[in-house]
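Have a look at the structure below, then the notes.
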Amino acid sequence: MEDAAQPSEITTRRSKRARVPAKTKFGENQSQDRTSEPSDQSPSEADREGSVDEFVEPRARAKRNRTEGSSTAAKKFDQSLIEVIKGNGKLIPQVVKLWVEQYEKDPKPAMVELLMMLFEACGAKYHLREELLDETDVDDVVVALVNLARKGEAEDYQSSKKKEFKNFKDNLVSFWDNLVIECQNGPLFDQVLFDKCVDYIIALSCTPPRVYRQVASLMGLQLVTSFITVAKMLGAQRETTQRQLNAEKKKRTEGPRVESLNKRLSTTHEKITVIEEMMRKIFTGLFVHRYRDIDQDIRMSCIQSLGVWIISYPSLFLQDLYLKYLGWTLNDKSAGVRKASILALQNLYDVDDNVPSLGLFTERFSNRMIELADDIDVSVAVCAIGLVKQLLRHQLLADDDLGPLYDLLIDDSTEIRHAIGALVYDHLIAQKFNSSQSHAKGDDGDSSEVHLGRMLQILREFSADPILSIYVIDDVWEYMNAMKDWKCIISMLLDENPLIELTDEDATNLIRLLCASVKKAVGERIVPATDNRKQYYNKAQKEIFEHNRRDITVAMMKNYSQLLRKFMADKAKVPSLIEIILHMNLELYSLKRQEQNFKTLLQLMREAFFKHGEKDALRSCVKAINFCSSECQGELKDFAQNKLKELEDELIAKLKTAIKEVADGDDEYSLLVNLKRLYELQLSRSVPIESLYEDMVMFLKSSKSMDDEVVSFLLHNMSLHVAWCLHAIINSDTVSEESLSSLLSKRSTLFEQLEHFLHAHTEVQEEGKRANQPACRVCIILAQVWCLFKKTKFSSTKLESLGYCPDSSVLQKFWKLCEQQLNISDETEEDDVNQEYVEETNRDAVMIAAAMLVATDVVPKEYLGPEIISHFVMHGTSIAEIVKNLIAVLKKKDDDVPNIFLEALRRAYHRHLVELSRSDDTSLASKSVKDCKDLAARLSTTFMGAARNKHRLDILRIVKDGIDYAFVDAPKQLSFLEIAVLHFVSRLPTSDVLEILKDVQKRTENVNTDEDPSGWRPYYTFIDSLREKYSKNDGFQDEKEGTSVRRRGRPRKRRNIQGKKLFDDHSSSEEDSISASDEDARDDEERQGEEEEEEAPLIQSIRSSAKLRSLRVSREENKGPTNPGDSGRATDAIAASRTSGASS
């Protein structure tokens, strides 16, 4: 063994000395970047000045050394090539070296071994005969391989989940890369080895079996990449030789060295030409077909490889002949391919030297690059925005082209908004891309003022909607340091810089910016999260937030009072300005001895509370004063609590005076404003208004004609006071009889007033009449108070007397009033005078209140549950989502869902019969029929998939009970079979369908149906449908609309064009055929792409900020038959006209 090892060691040493460049650069360090500069691979100075003999000698030595050690290496590696590729990739360099030595000794058997490895890598075992290798036709072999695949004898190694094949793909790529590098000094240029391999690879890449195309494309693309590596090395050698030749010519001496250099230069140039020709052959034979392959992974790998080729070897590939493929694939239907194309272009535009060659390409495809910023796929859109930034950096886009991008500042996706925010900051605020812009010099304050001025100019476009302004601020905040320059912002607001004059609009926007920036700096969200998850921060982040809180407090401490005094009278500025204190460190007022400033600040907040009557201003004042009274320490805390007590006393006194003035005939404005103040205060804390409560009750009883808002806020304040009294009793250790009887008395008085208004509004209000705010308030307050005093909550306790459940007559009146609010049109609801509290008094809030009663078992579900569910599909997406969630709750509780569903269908059908009897308008009757059918369809889809099998008996019960109901007093109600029951029959297995068919037919055995043919027509229609379903055996088939798939990310947009037509303008006559299996695969992909969009989540119908967010597009565009909940999809439909996953 020792004798055998010694020659191997000598061989290795000599081989290293003879083949340093190839061995070191490409044999052992495969992970190195192959796009390095040519100078890194050029010979050393000693090589440049060496003789011709020295230059040629290493090759001869290497040959001798290889043959000396081949026998020993052969003993070491007894695995075949494919086994090495499937197994340990570390052996590949040595195995390749051994194979090349074998090829140089005897080409044919080595060639056969390599080709058989190539075939088996594709998944098929095919044996070539050595003696017939030259006569074997490539096409015959490929046809045989395709036949093997059709017989199922091909195996997919690269997609295999088996552990032993996990490195197959990487090993295969490494093998071909090592083979090219190892052959660079010989077999690479013999025009036999690689020509034969390339022919088979191209042929296999054009075959129908997908696995053949995948592996052949992988090998072909890697060959070009490896050829580029060799070409760059040869290019470096050519440059070195040219320099040496120029140096020799300057000596003006002719001799063998000049002749040798000329010969070397010519040989190197010929080698480069041969390699480039092989690259072109693979490109035209493989790439131009596979970049449009049906398999998106093949298309993506083609584009990724092309991007690498252009960057690595621009002398050949950086021209429009190749660039156009990157432009065309920007329209690919696959997001991965579009992203690969964008990333390749980003790498191209990163290199400044490439930009002049990209001029025509940019002109042709820049519009599409801009469109991709609004791509359906979020990752593609973000990458496209980065690409647009690069175009702006090179000044290849005009500002007019960027208009559509700025709309994305208010996009749903956080990633897209922040990417656009970075672009807006760089381009419009910092103006990094404008070479003519003279950047501000001097201290940071000047720079911040300039940036803030530009930001205010942007915010002017969004001044009409504060929510949109907050979105823009959130987008840019991360990149704009001027937003954290608190002193600069305060200085601008106080007009301390005479060179900057703020308009009233700018001051409002700057205060909003200051408040939003403060919230961001201390870790709060200023834009609602789409996932509604709570944010968690690590210790380092919390320390940063606390540091920011201290900085904000120090900056605001001395100037806060001045800002409040200056803007005290402005209702648009006060809310944001006062909210800032919620994010300050109040302890610093004591530490910095600024107690007087704090006291002044509290006094100003109290003045602001009594100066304004708007919701936002009042809510901010209440939050701020409560925060100060709870977060301060020592003397300041006592002072804040005293101020709060004074505020409560003053408010109660003002209310008593206002009630007396109104009773004496004065104006109601003072009473309304102070009721709003009390309402906002009671939302956060208990206010002692026992004496005032009686005054409110007497006032409601005595006053006959009051303003709607006054009535609403009187009832709300009374209900809140009752709620706080109940809270005090529940949390008290001992409960006195006096407090209990007082609460019961107040509750009785409240119910008396609520039921009085309930009765009055039920009688007065007619369907279609304007939304009555007190009617909504009565519904919501009643539901809330009933929930507070739910009977089961207090049963078997000492407080059992507090339990309450409304009787059936009150409950029916309650629902009748709710139903009237639901039937109010969208336009009428939008025109409500009081927009401040619109989210608390709209029909969504009414439906949520009613659904809450059923979901929490406050009232018997047998009446109210079916009534609510019968309105499932009548009032738009937001109401439908509320009902959908109620059904989910009922199913989880295992309530009698079949009976509730059937009763809901009966109620809807009854409404249809009433509409049919009292109206001659066929359109109204047809609408009521459609509502019934839609309700039945939606309810039946709740029994989909596994749920259908689980709830088979429930479905059967609905069908049988529905048939019983339809045959009561037949044939008057037989249309119920066709309208409602039929939708549930389709969810049953065929055995049950046959049973139902027999049962229905038995019911008419002794009935003469010819007496009333029109009345019995629904019966025969139902029978025919049952027979058809049974004969087709489609009882298990789900309807298409029921099989929606939950999607994540951005809402799906309508595609502009079909993916098949993307390349009509540059189609090839040599288009290869695709197998039937691949056509089926494409159909599956397209069907998956057309699945319905998931409806908006329930939170969007509840949360006011999200509701307003969805209304950013003008509501006039959505008026008509559409519902407010559909506005988000309407926006997407508009946006889809300009961008989709595969637009042209």
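Residue names in the structure tokens use chain letters A, B, ... in the order shown, residue numbers from 1 in each chain, and ligand numbers from 1 in the order shown.
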Residues near Thr1004 (chain A), cut-off 10 Å, only C-alpha atoms, skip fewer than 5 positions along chain, as a ChimeraX atom specification
/A:967,999,1009,1019
Saved selection, atoms kept: N, CA and C atoms, as a compact mmCIF listing (two decimals), in the first residue's frame:
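See selection.txt below for the written result:
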# COMPACT_ATOMS: atom_id res chain seq x y z
N PHE A 967 -95.19 21.61 1.34
CA PHE A 967 -96.44 20.90 1.05
C PHE A 967 -97.57 21.28 2.00
N ASP A 999 -89.92 9.97 -1.69
CA ASP A 999 -90.78 10.59 -0.68
C ASP A 999 -91.66 11.68 -1.28
N THR A 1009 -102.98 16.93 -9.85
CA THR A 1009 -102.18 18.14 -10.07
C THR A 1009 -102.61 18.91 -11.30
N TYR A 1019 -93.26 21.97 -8.34
CA TYR A 1019 -93.12 20.57 -7.92
C TYR A 1019 -92.45 19.74 -9.02
Spatial neighbours of Tyr1020 (chain A), max dist 12 Å, only C-alpha atoms, sep filter under 4 positions, as a ChimeraX atom specification
/A:971,974-975,977-978,997,1000-1001,1004,1009-1010,1013-1016,1024-1027
Find the residues near Leu468 (chain A): any atom within 10 Å, counting only C-alpha atoms, skip ones fewer than 2 places away on the same chain, and give them as a PyMOL selection string.
chain A and resi 409-410+459+461-466+470-474+527+1108-1109+1112
Limited to N, CA, C and O atoms, could you put the picked residues into a file as a compact mmCIF listing (two decimals), in the first residue's frame?
# COMPACT_ATOMS: atom_id res chain seq x y z
N LEU A 409 -48.53 55.12 -2.39
CA LEU A 409 -48.25 55.57 -1.02
C LEU A 409 -49.36 55.17 -0.06
O LEU A 409 -49.15 55.10 1.15
N ILE A 410 -50.55 54.89 -0.58
CA ILE A 410 -51.67 54.49 0.26
C ILE A 410 -52.13 53.07 -0.11
O ILE A 410 -53.29 52.71 0.05
N LEU A 459 -47.55 66.63 1.35
CA LEU A 459 -48.74 66.43 2.18
C LEU A 459 -49.89 67.33 1.77
O LEU A 459 -51.05 67.03 2.10
N GLU A 461 -51.12 67.50 -1.01
CA GLU A 461 -51.96 66.71 -1.92
C GLU A 461 -52.96 65.86 -1.15
O GLU A 461 -53.93 65.38 -1.73
N PHE A 462 -52.72 65.64 0.15
CA PHE A 462 -53.57 64.75 0.94
C PHE A 462 -54.24 65.47 2.10
O PHE A 462 -54.75 64.83 3.02
N SER A 463 -54.26 66.79 2.07
CA SER A 463 -54.77 67.55 3.21
C SER A 463 -56.24 67.28 3.49
O SER A 463 -56.68 67.35 4.64
N ALA A 464 -57.00 66.96 2.47
CA ALA A 464 -58.44 66.76 2.66
C ALA A 464 -58.74 65.53 3.51
O ALA A 464 -59.80 65.45 4.12
N ASP A 465 -57.82 64.57 3.55
CA ASP A 465 -58.04 63.34 4.30
C ASP A 465 -56.88 63.09 5.24
O ASP A 465 -55.79 62.69 4.81
N PRO A 466 -57.06 63.32 6.54
CA PRO A 466 -55.96 63.12 7.49
C PRO A 466 -55.43 61.69 7.50
O PRO A 466 -54.24 61.47 7.73
N ILE A 470 -51.50 60.39 7.12
CA ILE A 470 -50.79 59.52 8.05
C ILE A 470 -50.11 58.37 7.30
O ILE A 470 -48.99 57.97 7.62
N TYR A 471 -50.78 57.85 6.28
CA TYR A 471 -50.18 56.78 5.47
C TYR A 471 -48.89 57.26 4.83
O TYR A 471 -47.87 56.55 4.82
N VAL A 472 -48.91 58.46 4.26
CA VAL A 472 -47.72 58.99 3.59
C VAL A 472 -46.59 59.20 4.60
O VAL A 472 -45.43 58.87 4.33
N ILE A 473 -46.93 59.74 5.76
CA ILE A 473 -45.92 59.95 6.80
C ILE A 473 -45.31 58.62 7.23
O ILE A 473 -44.09 58.50 7.39
N ASP A 474 -46.14 57.61 7.41
CA ASP A 474 -45.65 56.28 7.80
C ASP A 474 -44.70 55.70 6.75
O ASP A 474 -43.71 55.05 7.09
N VAL A 527 -50.52 53.33 11.40
CA VAL A 527 -51.39 52.77 10.37
C VAL A 527 -51.84 51.40 10.85
O VAL A 527 -51.01 50.61 11.30
N LEU A 1108 -62.89 53.75 6.86
CA LEU A 1108 -62.55 54.97 6.15
C LEU A 1108 -61.43 54.73 5.16
O LEU A 1108 -61.40 55.34 4.09
N ARG A 1109 -60.52 53.83 5.53
CA ARG A 1109 -59.40 53.51 4.63
C ARG A 1109 -59.92 52.93 3.31
O ARG A 1109 -59.42 53.23 2.24
N ARG A 1112 -61.14 55.37 0.31
CA ARG A 1112 -60.25 56.41 -0.22
C ARG A 1112 -60.57 56.75 -1.67
O ARG A 1112 -60.30 57.84 -2.13
So, counting only C-alpha atoms, which residue among A:Leu758, A:Leu564, A:Ile311, A:Leu326 is closest to Asn347 (chain A)?
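Nearest candidate to Asn347 (chain A) out of A:Leu758, A:Leu564, A:Ile311, A:Leu326: A:Ile311.
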Between CA of Glu270 (chain A) and CA of Val173 (chain A), what is the distance, to one decimal in Å?
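So the answer is 26.6 Å.
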Using DSSP assignments from the backbone, pull out every residue in region 742-927 of chain A that falls under helix (DSSP H, G or I) and give it to me as a PyMOL selection string.
chain A and resi 742-764+773-788+791-794+800-802+808-822+826-830+838-841+843-855+861-869+877-892+897-918+922-927
At a cut-off of 8 Å, using only C-alpha atoms, what residues contact region 654-665 of chain A? Leave out same-chain residues fewer than 5 positions from it and give the result as a compact mmCIF listing (two decimals) with C-alpha atoms, in the first residue's frame.
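Heads up, here's the output in part_39.txt:
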# COMPACT_ATOMS: atom_id res chain seq x y z
CA SER A 670 -74.94 74.33 24.80
CA LEU A 671 -76.75 71.24 26.07
CA ASN A 674 -71.81 69.46 27.06
CA LEU A 675 -73.58 66.11 26.59
CA LEU A 692 -77.84 64.86 37.00
CA ASP A 695 -82.60 65.71 35.65
CA MET A 696 -81.95 63.88 32.36
CA PHE A 699 -86.02 66.36 30.77
CA SER A 703 -89.66 67.66 26.36
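If you count only C-alpha atoms and ignore residues fewer than 5 places along the chain from Leu618 (chain A), what sits within 7 Å of it is A:Phe609, A:His612, A:Gly613, A:Arg677, A:Glu680.
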Output all heavy atoms for every residue in that selection, as a CSV table (one decimal), in the first residue's frame.
chain,number,residue,atom,x,y,z
A,609,PHE,N,-60.6,71.5,26.5
A,609,PHE,CA,-61.8,70.6,26.6
A,609,PHE,C,-63.1,71.4,26.6
A,609,PHE,O,-64.1,71.0,26.0
A,609,PHE,CB,-61.6,69.9,27.9
A,609,PHE,CG,-62.7,68.9,28.2
A,609,PHE,CD1,-62.8,67.7,27.6
A,609,PHE,CD2,-63.7,69.3,29.1
A,609,PHE,CE1,-63.9,66.8,27.8
A,609,PHE,CE2,-64.8,68.4,29.4
A,609,PHE,CZ,-64.9,67.2,28.8
A,612,HIS,N,-63.8,73.3,22.8
A,612,HIS,CA,-64.2,72.5,21.6
A,612,HIS,C,-65.3,71.5,22.0
A,612,HIS,O,-65.4,71.1,23.1
A,612,HIS,CB,-62.9,71.8,21.1
A,612,HIS,CG,-61.8,72.7,20.6
A,612,HIS,ND1,-61.9,73.3,19.4
A,612,HIS,CD2,-60.7,73.1,21.2
A,612,HIS,CE1,-60.8,74.0,19.2
A,612,HIS,NE2,-60.1,73.9,20.3
A,613,GLY,N,-66.0,71.2,20.9
A,613,GLY,CA,-67.1,70.3,21.1
A,613,GLY,C,-67.1,69.1,20.1
A,613,GLY,O,-68.0,68.3,20.0
A,677,ARG,N,-69.4,66.2,25.7
A,677,ARG,CA,-68.2,66.2,26.6
A,677,ARG,C,-68.4,65.1,27.7
A,677,ARG,O,-67.4,64.4,28.0
A,677,ARG,CB,-68.0,67.6,27.2
A,677,ARG,CG,-67.6,68.6,26.2
A,677,ARG,CD,-67.7,70.0,26.8
A,677,ARG,NE,-67.3,71.0,25.8
A,677,ARG,CZ,-67.7,72.3,25.8
A,677,ARG,NH1,-68.5,72.7,26.7
A,677,ARG,NH2,-67.3,73.1,24.8
A,680,GLU,N,-67.9,61.6,26.1
A,680,GLU,CA,-66.5,61.2,25.9
A,680,GLU,C,-65.7,61.0,27.3
A,680,GLU,O,-64.9,60.1,27.3
A,680,GLU,CB,-65.8,62.4,25.2
A,680,GLU,CG,-66.2,62.6,23.7
A,680,GLU,CD,-65.9,61.4,22.9
A,680,GLU,OE1,-65.0,60.6,23.2
A,680,GLU,OE2,-66.6,61.2,21.8
Write out as a list in words which residues come within 12 Å of Leu499 (chain A) when counting only C-alpha atoms, dropping same-chain ones fewer than 3 positions away.
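In the requested form, the answer reads Asp446, Glu449, Val450, Gly453, Ser491, Met492, Asp495, Glu496 and Leu502 of chain A.
In terms of minimum interatomic distance to Ala888 (chain A), A:Ala855 ranks closest within A:Ala855, A:Lys166, A:Ile900, A:Asp140, counting only C-alpha atoms.
Within 10 Å of Met455 (chain A), once only C-alpha atoms are used and residues closer than 4 positions along the same chain are dropped, the contacting residues are Val424, Tyr425, Leu428, Ile429, Ala430, Glu449, Val450, His451, Leu459, Arg460, Val472, Ile473, Val476, Met480, Ala482, Met483, Asp506, Asn509, Leu510 and Leu513 of chain A.
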Restricting the output to N, CA and C atoms, write the selected residues as a PDB file, in the first residue's frame.
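What ended up in part_24.pdb:
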ATOM      1  N   VAL A 424     -39.816  58.063  -2.823  1.00  0.00           N
ATOM      2  CA  VAL A 424     -40.254  59.453  -2.669  1.00  0.00           C
ATOM      3  C   VAL A 424     -39.219  60.259  -1.907  1.00  0.00           C
ATOM      4  N   TYR A 425     -38.666  59.662  -0.854  1.00  0.00           N
ATOM      5  CA  TYR A 425     -37.654  60.395  -0.086  1.00  0.00           C
ATOM      6  C   TYR A 425     -36.423  60.684  -0.941  1.00  0.00           C
ATOM      7  N   LEU A 428     -37.799  63.000  -4.249  1.00  0.00           N
ATOM      8  CA  LEU A 428     -38.486  64.284  -4.072  1.00  0.00           C
ATOM      9  C   LEU A 428     -38.014  65.075  -2.854  1.00  0.00           C
ATOM     10  N   ILE A 429     -37.612  64.377  -1.802  1.00  0.00           N
ATOM     11  CA  ILE A 429     -37.251  65.083  -0.571  1.00  0.00           C
ATOM     12  C   ILE A 429     -35.741  65.314  -0.502  1.00  0.00           C
ATOM     13  N   ALA A 430     -34.959  64.243  -0.529  1.00  0.00           N
ATOM     14  CA  ALA A 430     -33.501  64.402  -0.515  1.00  0.00           C
ATOM     15  C   ALA A 430     -32.954  64.787  -1.878  1.00  0.00           C
ATOM     16  N   GLU A 449     -34.989  71.594   7.763  1.00  0.00           N
ATOM     17  CA  GLU A 449     -36.032  72.521   7.329  1.00  0.00           C
ATOM     18  C   GLU A 449     -36.321  72.379   5.848  1.00  0.00           C
ATOM     19  N   VAL A 450     -35.262  72.193   5.058  1.00  0.00           N
ATOM     20  CA  VAL A 450     -35.458  71.998   3.616  1.00  0.00           C
ATOM     21  C   VAL A 450     -36.255  70.727   3.361  1.00  0.00           C
ATOM     22  N   HIS A 451     -35.875  69.660   4.011  1.00  0.00           N
ATOM     23  CA  HIS A 451     -36.570  68.381   3.815  1.00  0.00           C
ATOM     24  C   HIS A 451     -38.013  68.453   4.301  1.00  0.00           C
ATOM     25  N   LEU A 459     -47.546  66.627   1.349  1.00  0.00           N
ATOM     26  CA  LEU A 459     -48.737  66.430   2.180  1.00  0.00           C
ATOM     27  C   LEU A 459     -49.892  67.332   1.774  1.00  0.00           C
ATOM     28  N   ARG A 460     -49.605  68.421   1.074  1.00  0.00           N
ATOM     29  CA  ARG A 460     -50.705  69.272   0.597  1.00  0.00           C
ATOM     30  C   ARG A 460     -51.652  68.508  -0.320  1.00  0.00           C
ATOM     31  N   VAL A 472     -48.910  58.461   4.258  1.00  0.00           N
ATOM     32  CA  VAL A 472     -47.719  58.993   3.591  1.00  0.00           C
ATOM     33  C   VAL A 472     -46.592  59.201   4.600  1.00  0.00           C
ATOM     34  N   ILE A 473     -46.933  59.737   5.759  1.00  0.00           N
ATOM     35  CA  ILE A 473     -45.919  59.952   6.800  1.00  0.00           C
ATOM     36  C   ILE A 473     -45.310  58.621   7.229  1.00  0.00           C
ATOM     37  N   VAL A 476     -42.667  57.286   4.666  1.00  0.00           N
ATOM     38  CA  VAL A 476     -41.398  57.994   4.501  1.00  0.00           C
ATOM     39  C   VAL A 476     -40.598  58.058   5.797  1.00  0.00           C
ATOM     40  N   MET A 480     -36.474  59.362   6.561  1.00  0.00           N
ATOM     41  CA  MET A 480     -36.361  60.814   6.677  1.00  0.00           C
ATOM     42  C   MET A 480     -35.998  61.207   8.110  1.00  0.00           C
ATOM     43  N   ALA A 482     -35.221  64.054   9.196  1.00  0.00           N
ATOM     44  CA  ALA A 482     -35.770  65.361   9.575  1.00  0.00           C
ATOM     45  C   ALA A 482     -37.053  65.219  10.384  1.00  0.00           C
ATOM     46  N   MET A 483     -37.772  64.124  10.202  1.00  0.00           N
ATOM     47  CA  MET A 483     -38.999  63.899  10.972  1.00  0.00           C
ATOM     48  C   MET A 483     -38.700  63.647  12.446  1.00  0.00           C
ATOM     49  N   ASP A 506     -50.247  74.146   5.916  1.00  0.00           N
ATOM     50  CA  ASP A 506     -48.943  73.561   6.227  1.00  0.00           C
ATOM     51  C   ASP A 506     -48.776  73.334   7.729  1.00  0.00           C
ATOM     52  N   ASN A 509     -50.671  70.241   8.698  1.00  0.00           N
ATOM     53  CA  ASN A 509     -49.952  69.033   8.267  1.00  0.00           C
ATOM     54  C   ASN A 509     -48.685  68.799   9.090  1.00  0.00           C
ATOM     55  N   LEU A 510     -48.007  69.879   9.482  1.00  0.00           N
ATOM     56  CA  LEU A 510     -46.783  69.732  10.259  1.00  0.00           C
ATOM     57  C   LEU A 510     -47.091  69.219  11.672  1.00  0.00           C
ATOM     58  N   LEU A 513     -47.779  65.632  11.299  1.00  0.00           N
ATOM     59  CA  LEU A 513     -46.497  64.956  11.092  1.00  0.00           C
ATOM     60  C   LEU A 513     -45.765  64.801  12.425  1.00  0.00           C
TER      61      LEU A 513
END
note - CA of Gly962 (chain A) and CA of Tyr909 (chain A) are separated by 11.4 Å
Nearest to Asn585 (chain A) among A:Thr942, A:Gln633, A:Gln395, A:Gln820, with distances taken over only C-alpha atoms: which residue is it?
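Looking only at the distances to Asn585 (chain A), the closest residue turns out to be A:Gln633.
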Can you work out the spacing between CA of Arg299 (chain A) and CA of Val337 (chain A) in Å, to one decimal?
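CA of Val337 (chain A) lies at a distance of 6.5 Å from CA of Arg299 (chain A).
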Using only C-alpha atoms: which of A:Ser447, A:Thr856, A:Ser469, A:Asn538 has the shortest distance to Thr508 (chain A):
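Under the stated criterion, the closest residue is A:Ser469.
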